[in-house]
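Asks: Handing you this structure, nothing more for now.
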Amino acid sequence: MISNYLLAAWRHIANNRLFSVINIFGLSVGLMSCILILIYVRDELSYDQWLPDGERLVRLHTAYYSPDAPPFLTIRAAGRMMEAIRNYASDQVETGLRLVEVGVTVVRGDAIFNEDIMFADGTFFDVFQLPFVHGSAGTSFSKPMDLVITESTAIKYFGRTDVVGKNLTACCLQGSQLEVQVTGVIRDLPENTHLEFEFLTFLDPSMFDFAPNVLNTWTSVNTYTYFKLKAGADAESLKKRVDYWLNNESPLREMVEEGVLPSERLQLKIMPVPDLHLKALRDAGNIGDMKPLGNNSMVLAFVGIAFLILLIASVNFMNLSTARASRRAREVALRKVMGASRRQVAMQFLGEAVAISVLSLLFALVAVELVLPFYNMAIGRQLNLVLSDDLPLLITLVSIAVLVGLVSGSYPAIYLSRFLPARILKANQSSDGGGQSNIRSLLVIFQFAASIGLAVCTVVIYAQTSYARSMDVGYNYENKIVLSGLGATAAVDQRQTIVNELTAIEGVEHVVLSSEVPSQDNENNTGFTLLEGASEGLSESVVLNYYTAGFGFFEAYEMEMLAGRGFDEAFSSDVIVPVPEGDDRIGHAGVVINESAMRRLGFSSPEEALGKTLRADMFRAGTFDLSIVGVAKDVYFRSIKFGIRASVFLNNPGSLRVATLGFRTHDVAGLVREVERVWKKILPTTPISREFLSEMIQAQYQAEEDQAKLFGIFSALAVVIACLGLYGLASFTAERRTREIGIRKVMGARVRDIVGLLVWQFSAPVLIANILAWPIAWYVMSEWLDGFSYRIEGHYILVASMAAGTAALLIAWLTVAGRAWKVAAANPVNSLRYE
Amino acid sequence: MLKLHDLSKIYRTDEVETVALDTVNIEIEAGEFVAIMGPSGCGKSTLLNIIGMLDSPTSGAYLFLDEDVSGYSESQLSNIRKHNIGFIFQSFNLIDELTVAENIELALLYHNIPASERKSRVATIMDKVGIAHRAKHMPSQLSGGQQQRVAVARAVVGNQGLILADEPTGNLDSAHGQEVMEMLQGLNDEGTTIVMVTHSPAHSDYARRTINLFDGHVVTENLRATG
Ligand SMILES: Nc1ncnc2c1ncn2[C@@H]1O[C@H](COP(=O)(O)OP(=O)(O)O)[C@@H](O)[C@H]1O
Ligand SMILES: [Mg+2]
């Protein structure tokens with residue numbers, strides 16, 4: 001019996017090549033896309049799931065709100081929060097942990113590297129139980145300055161891993177060089193964790209006494225703060241306690257304005273560590289995490305695409321099977337005459353569908369093997385597919401294939417098994433009524449609506465990414481090299497020398513210093529009070545973002561001044577000279593503000609702001625009265641995703657950390673060599689860190705561009721599968737309608753009348769698909785675009801929709817017309833013979 | 001009306017050569033009612049298809065209304081055909097997805113006739129063949145006799161002067177067959193030329209002349225005594 005079915009199925013596959021190729025190809029491509037997406041999503045979902053006691057680990061995130069500025073979000077927390085919350089909620093919290101990242105240079109023999117050291121409270125290994133290769137949590141991380149490194153770092157510096165007891169030199173902590181002994185070696189961190197560090201040092205809080213904004217602060221957010229919860233507690237219960245503490249017990253009550261609750265200015269969020277990779281993005285603002293976070297909505301979008309592609313492929317199967325039903329009607333009728341029940345016939349067709357689907361899975365697996373390297377390159381991962389040691393995945397895939405088979409086989413099975421032998425065998429009736437072709441039209445409408453929707457999304461995503469990339473940021477970032485590391489103690493004294501020597505290099509136009517360069521999303525905020533405002537009752541301070549810009553900065557970046565001037569050596573009184581400690585004098589300096597800051601401070605024109613004075617506390621430099629010497633046009637100094645922030649530019653030599661070198665030369669490689677030579681000569685102990693600014697800017701869009709590319713590829717696949725289905729359907733429909741076409745030709749229809757007839761038959765569903773797809777795509781894409789502060793306008797979605805719709809229609813026409821032509825040109829006599 | 005001169009039709013399929021018509025000479029005058037008879041496979045349908053310009057002869061000449069059409073292109077033939085020739089098939093060949101009225105209208109659809117005129121001509125012809133009350137029905141809802149009446153209506157709605165009927169009664173019981181024959185007779189009385197293939201001697205009696213085919217040859221031609 002089974003072999004009889006198999007034989008029938010196999011003959012059927014072999015004898016209906018077009019049908020089989022379309023189905024197997026479509027399902028294979030669908031399953032391939034599905035597998036690729038599945039392993040990517042699985043990887044995304046695996047982040048930090050492997051951490052022992054992971055369900056008890058949470059991280060503290062902070063959000064600041066002020067009445068007339070965009071909120072400031074960060075996944076870090078203020079230095080004093082950890083201890084305060086741990087003590088207050090001691091019934092829920094087992095232990096707390098802070099991490100502070102510090103950039104240093106590490107020296108070993110001749111080798112010098114820029115590295116980040118992660119300073120961690122001694123509780124680190126209680127919270128994150130990472131496996132040791134040499135040493136143990138108890139012995140290797142027990143006292144201040146204990147240093148644990150990863151395996152690959154050990155190999156990088158020493159060439160082997162058993163390096164406990166060896167020394168490394170780090171520069172510079174608190175301005176001095178430090179000899180540190182390696183006390184333990186841990187396994188390299190896997191790819192699927194939010195944690196990222198190579199050097200882990202036992203934190204001695206007194207080390208940061210010189211920088212009270214790191215640990216000893218309620219308002220500066222510079223630490224990653226974790227808690228390990230006691231059994232029974234969870235993120236939600238802790239959040240409740242923390243919220244109560246914030247408004248009722250915390251010292252922050254004293255730090256907000258009269259009549260305002262701390263929670264109106266500040267929110268503390270608690271997020272489970274296993275959720276971080278996919279969910280922290282919404283808390284992250286623009287400073288980011290230790291490494292790039294995942295994007296939950298992208299993961300969902302990809303799952304959606306995988307599902308749609310599979311559905312589209314399944315619909316092909318249903319449509320083609322039923323369209324060709326008349327061909328198998330006789331087989332069904334005879335089986336029934338011979339005594340087969342309807343159920344048996346249905347099972348036969350279901351079995352066929354499952355067989356085709358499983359066969360397609362095999363092809364899909366081969367295809368995944370082939371495209372995986374390119375896929376990994378596109379998504380920047382190292383995913384692999386080894387089904388032999390991955391039983392759950394194998395079972396999942398086979399289940400998906402069987403399910404797809406059942407779904408695609410169900411409708412044909414029900415439809416075909418319903419045939420009544422008496423009617424079929426009467427032979428004179430056409431076996432295919434109008435009803436089925438209606439259902440097929442509905443399915444085609446669905447396929448094309450899905451394809452058009454995906455195409456619209458792709459076009460909009462592409463348009464937005466290239467728009468964001470090509471938009472005018474307001475400054476010139478071409479032909480600029482950024483050299484960082486000039487804030488290092490060793491470099492500070494040499495700063496002027498190096499600027500001079502670099503400027504002297506052939507082809508260098510200028511070298512300017514600053515605290516940040518555009519695209520670096522550092523956050524520095526402090527309160528500024530407009531002194532002239534006091535008379536009008538505006539004595540409150542306004543929190544503004546500030547940067548340091550050295551002489552010539554605005555000119556070098558070609559940033560437009562709306563009024564006044566930038567910083568210039570001719571005005572040395574602009575420079576912030578620290579007020580000696582213990583001295584109560586107020587210092588004086590110049591300041592440039594941007595347009596947004598001008599408005600925040602209440603000025604209605606740039607000219608009005610000139611000459612006015614802002615008072616601000618410059619931390620260790622003292623308190624300053626800053627006279628506004630210039631108003632700069634708003635530019636996207638930070639990434640475009642972040643938007644424009646009200647900002648103040650100071651000229652504070654103590655904060656100059658990066659140099660921007662503008663050049664004009666055809667020999668960029670030669671210039672870079674020369675820059676490196678000069679650097680090495682003047683700063684031999686500081687490794688050079690140079691980047692092209694244009695590449696730094698570009699890097700900001702990389703993730704979006706990669707996602708756009710992937711989205712594009714998968715939607716293109718969906719469209720191809722849908723078109724294949726349409727081609728098959730057009731073929732079979734044309735075939736099924738040959739008798740009708742013959743009659744029409746006998747009545748005088750020309751070939752082009754016939755082609756027109758068939759083309760219209762298939763245009764109608766595609767047109768309806770457009771009507772369905774457009775509003776959905778419009779809604780989804782408007783929501784997506786809303787996430788961008790700088791975005792293409794809504795009517796682009798309409799343009800994209802029209803483009804996608806027209807393309808779909810053209811493709812459908814070409815697909816159908818080719819087939820229709822062939823059938824229409826045939827001699828009608830053959831189709832009208834009574835046989 | 002039409003004249004076949006030494007006309008032959010040879011089908012070639014995979015090394016098998018079938019001579020369906022062998023140097024056939026036939027002349028048919030306007031207003032005639034001709035029956036073609038002969039055993040199955042002797043070439044009757046082939047002959048009818050060639051007369052109807054649905055197929056072209058392998059050799060020989062075909063004069064239709066004094067024009068030699070044997071060298072005409074498909075679109076030229078299609079043009080002559082749609083204005084002059086109506087077809088009736090044994091298996092009716094109605095389009096299942098169209099209503100009775102739409103099936104009849106099909107014969108006018110490719111004639112550049114305004115929709116309103118098409119509708120009125122269809123209505124007239126449906127009255128004439130007695131299926132007006134079935135105008136909105138689908139072919140599958142009609143009996144064979146009714147379907148064939150629709151086919152007859154479709155064949156003449158364009159005022160075609162020649163009707164070719166290939167075993168029009170082959171699928172009908174005798175009562176219905178009789179009905180269709182009477183309709184054809186009526187059309188012939190109004191001046192329509194009719195060429196009909198049939199197996200039934202009773203039905204060939206309606207014709208004025210009977211051509212007997214055997215193996216692609218014309219064997220005899222009988223003229224019925226007009227009485
Ligand atoms: N398209 C075709 N290809 C090959 N042989 C054909 C074709 N049409 C008809 N024939 C052959 O030509 C001969 C005459 O057929 P036909 O005219 O249909 O006979 P009739 O209508 O008298 O039964 C038969 O032998 C038939 O097999
Ligand atoms: Mg015949």
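Here's how to read the names in the structure tokens: chain A, B, ... by the order shown, residue numbers from 1 in each chain, ligand numbers from 1 in the order shown.
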Could you list, as number ranges by chain, every residue of chain B that has an atom within 7 Å of an atom of chain A, counting only C-alpha atoms?

Replies: B: 54, 78-79, 82, 91, 93, 95, 97, 106-107, 110

Asks: Produce a table with one row for each residue of chain B that has an atom at most 6 Å from any atom of ligand 1, each row naming the nearest atom pair and its distance in Å at one decimal; use only C-alpha atoms and all ligand atoms; arrange rows by chain and rising residue number; format as CSV.

Replies:
residue,atom,partner,partner_atom_place_in_ligand_line,distance
B:Tyr11,CA,ligand 1,4 (C),4.7
B:Thr18,CA,ligand 1,12 (O),5.8
B:Ala20,CA,ligand 1,12 (O),4.3
B:Ser40,CA,ligand 1,23 (O),3.8
B:Gly41,CA,ligand 1,19 (O),3.4
B:Cys42,CA,ligand 1,22 (O),4.0
B:Gly43,CA,ligand 1,17 (O),3.2
B:Lys44,CA,ligand 1,22 (O),3.8
B:Ser45,CA,ligand 1,21 (O),3.7
B:Thr46,CA,ligand 1,17 (O),3.7

Asks: Write the residues you've just listed into a file as a PDB file, in the first residue's frame, and include N, CA and C atoms for each of them.

Replies:
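To be explicit, this is the file written out as part-v6.pdb:
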ATOM      1  N   TYR B  11      -1.046  14.130 -41.345  1.00  0.00           N
ATOM      2  CA  TYR B  11      -0.526  14.369 -39.991  1.00  0.00           C
ATOM      3  C   TYR B  11       0.756  13.582 -39.823  1.00  0.00           C
ATOM      4  N   THR B  18      -0.174   9.951 -40.983  1.00  0.00           N
ATOM      5  CA  THR B  18      -1.582   9.627 -41.209  1.00  0.00           C
ATOM      6  C   THR B  18      -2.103  10.509 -42.325  1.00  0.00           C
ATOM      7  N   ALA B  20      -5.044  11.925 -43.502  1.00  0.00           N
ATOM      8  CA  ALA B  20      -6.412  12.104 -43.022  1.00  0.00           C
ATOM      9  C   ALA B  20      -7.347  12.458 -44.174  1.00  0.00           C
ATOM     10  N   SER B  40     -15.696   6.170 -38.151  1.00  0.00           N
ATOM     11  CA  SER B  40     -14.831   6.940 -37.254  1.00  0.00           C
ATOM     12  C   SER B  40     -13.394   6.929 -37.765  1.00  0.00           C
ATOM     13  N   GLY B  41     -12.739   8.034 -37.763  1.00  0.00           N
ATOM     14  CA  GLY B  41     -11.339   8.114 -38.162  1.00  0.00           C
ATOM     15  C   GLY B  41     -11.148   8.301 -39.643  1.00  0.00           C
ATOM     16  N   CYS B  42     -12.236   8.490 -40.406  1.00  0.00           N
ATOM     17  CA  CYS B  42     -12.076   8.591 -41.846  1.00  0.00           C
ATOM     18  C   CYS B  42     -11.720  10.001 -42.297  1.00  0.00           C
ATOM     19  N   GLY B  43     -11.720  10.976 -41.363  1.00  0.00           N
ATOM     20  CA  GLY B  43     -11.275  12.322 -41.739  1.00  0.00           C
ATOM     21  C   GLY B  43     -12.362  13.361 -41.766  1.00  0.00           C
ATOM     22  N   LYS B  44     -13.517  13.054 -41.209  1.00  0.00           N
ATOM     23  CA  LYS B  44     -14.643  14.004 -41.260  1.00  0.00           C
ATOM     24  C   LYS B  44     -14.312  15.285 -40.491  1.00  0.00           C
ATOM     25  N   SER B  45     -13.823  15.102 -39.271  1.00  0.00           N
ATOM     26  CA  SER B  45     -13.511  16.286 -38.453  1.00  0.00           C
ATOM     27  C   SER B  45     -12.399  17.091 -39.098  1.00  0.00           C
ATOM     28  N   THR B  46     -11.429  16.374 -39.651  1.00  0.00           N
ATOM     29  CA  THR B  46     -10.331  17.068 -40.313  1.00  0.00           C
ATOM     30  C   THR B  46     -10.856  17.935 -41.448  1.00  0.00           C
TER      31      THR B  46
END

Asks: Measure the distance from atom CA of Gly818 of chain A to atom CA of Gly805 of chain A in Å and round it to one decimal.

Replies: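 For atom CA of Gly818 of chain A relative to atom CA of Gly805 of chain A, the distance reads 20.0 Å.
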
Asks: One decimal, in Å: what's the spacing between atom CA of Arg282 of chain A and atom CA of Leu252 of chain A?

Replies: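 It comes out at 24.2 Å.
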
Asks: Can you list, as a ChimeraX atom specification, every residue of segment 40-73 of chain B that DSSP puts in strand (DSSP E or B)?

Replies: /B:59-64,67-68

Asks: So the first atom is atom CA of Leu189 of chain A and the second is atom CA of Ile112 of chain A; what is the distance between them in Å, to one decimal place?

Replies: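 Computing the Euclidean distance for atom CA of Leu189 of chain A and atom CA of Ile112 of chain A yields 22.8 Å.
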
Asks: Using only C-alpha atoms, determine which residues lie at most 6 Å from Leu2 of chain B, disregarding the query and same-chain residues fewer than 3 positions distant; provide the list as a VMD selection string.

Replies: chain B and resid 27 to 28 63 to 65

Asks: Could you pull out all residues of segment 183-213 of chain B with a DSSP call of alpha helix (DSSP H) and give them as a PyMOL selection string?

Replies: chain B and resi 183-189+201-204

Asks: Would you kindly return, as a PDB file with C-alpha atoms, in the first residue's frame, each protein, DNA or RNA residue with an atom no farther than 8 Å from any atom of segment 631-633 of chain A, considering only C-alpha atoms and excluding same-chain residues fewer than 2 positions away?

Replies:
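Written file, part-v9.pdb:
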ATOM      1  CA  MET A 559      31.475  74.591  11.592  1.00  0.00           C
ATOM      2  CA  GLU A 560      29.544  77.738  10.876  1.00  0.00           C
ATOM      3  CA  MET A 561      29.452  80.537  13.445  1.00  0.00           C
ATOM      4  CA  LEU A 562      26.131  82.347  13.684  1.00  0.00           C
ATOM      5  CA  ALA A 563      27.639  85.129  15.765  1.00  0.00           C
ATOM      6  CA  GLY A 564      30.935  85.906  17.423  1.00  0.00           C
ATOM      7  CA  ARG A 565      33.995  83.711  16.941  1.00  0.00           C
ATOM      8  CA  VAL A 592      31.049  78.990  22.629  1.00  0.00           C
ATOM      9  CA  ILE A 593      27.502  77.688  22.733  1.00  0.00           C
ATOM     10  CA  ASN A 594      25.474  76.034  20.010  1.00  0.00           C
ATOM     11  CA  GLU A 595      22.114  77.175  18.669  1.00  0.00           C
ATOM     12  CA  MET A 598      21.226  79.414  22.965  1.00  0.00           C
ATOM     13  CA  PRO A 606      22.702  84.649  18.524  1.00  0.00           C
ATOM     14  CA  ALA A 609      23.703  85.793  23.629  1.00  0.00           C
ATOM     15  CA  LEU A 610      27.092  87.317  22.865  1.00  0.00           C
ATOM     16  CA  ILE A 628      29.837  83.750  25.601  1.00  0.00           C
ATOM     17  CA  VAL A 629      32.180  84.653  22.741  1.00  0.00           C
ATOM     18  CA  VAL A 635      25.552  70.289  13.980  1.00  0.00           C
TER      19      VAL A 635
END
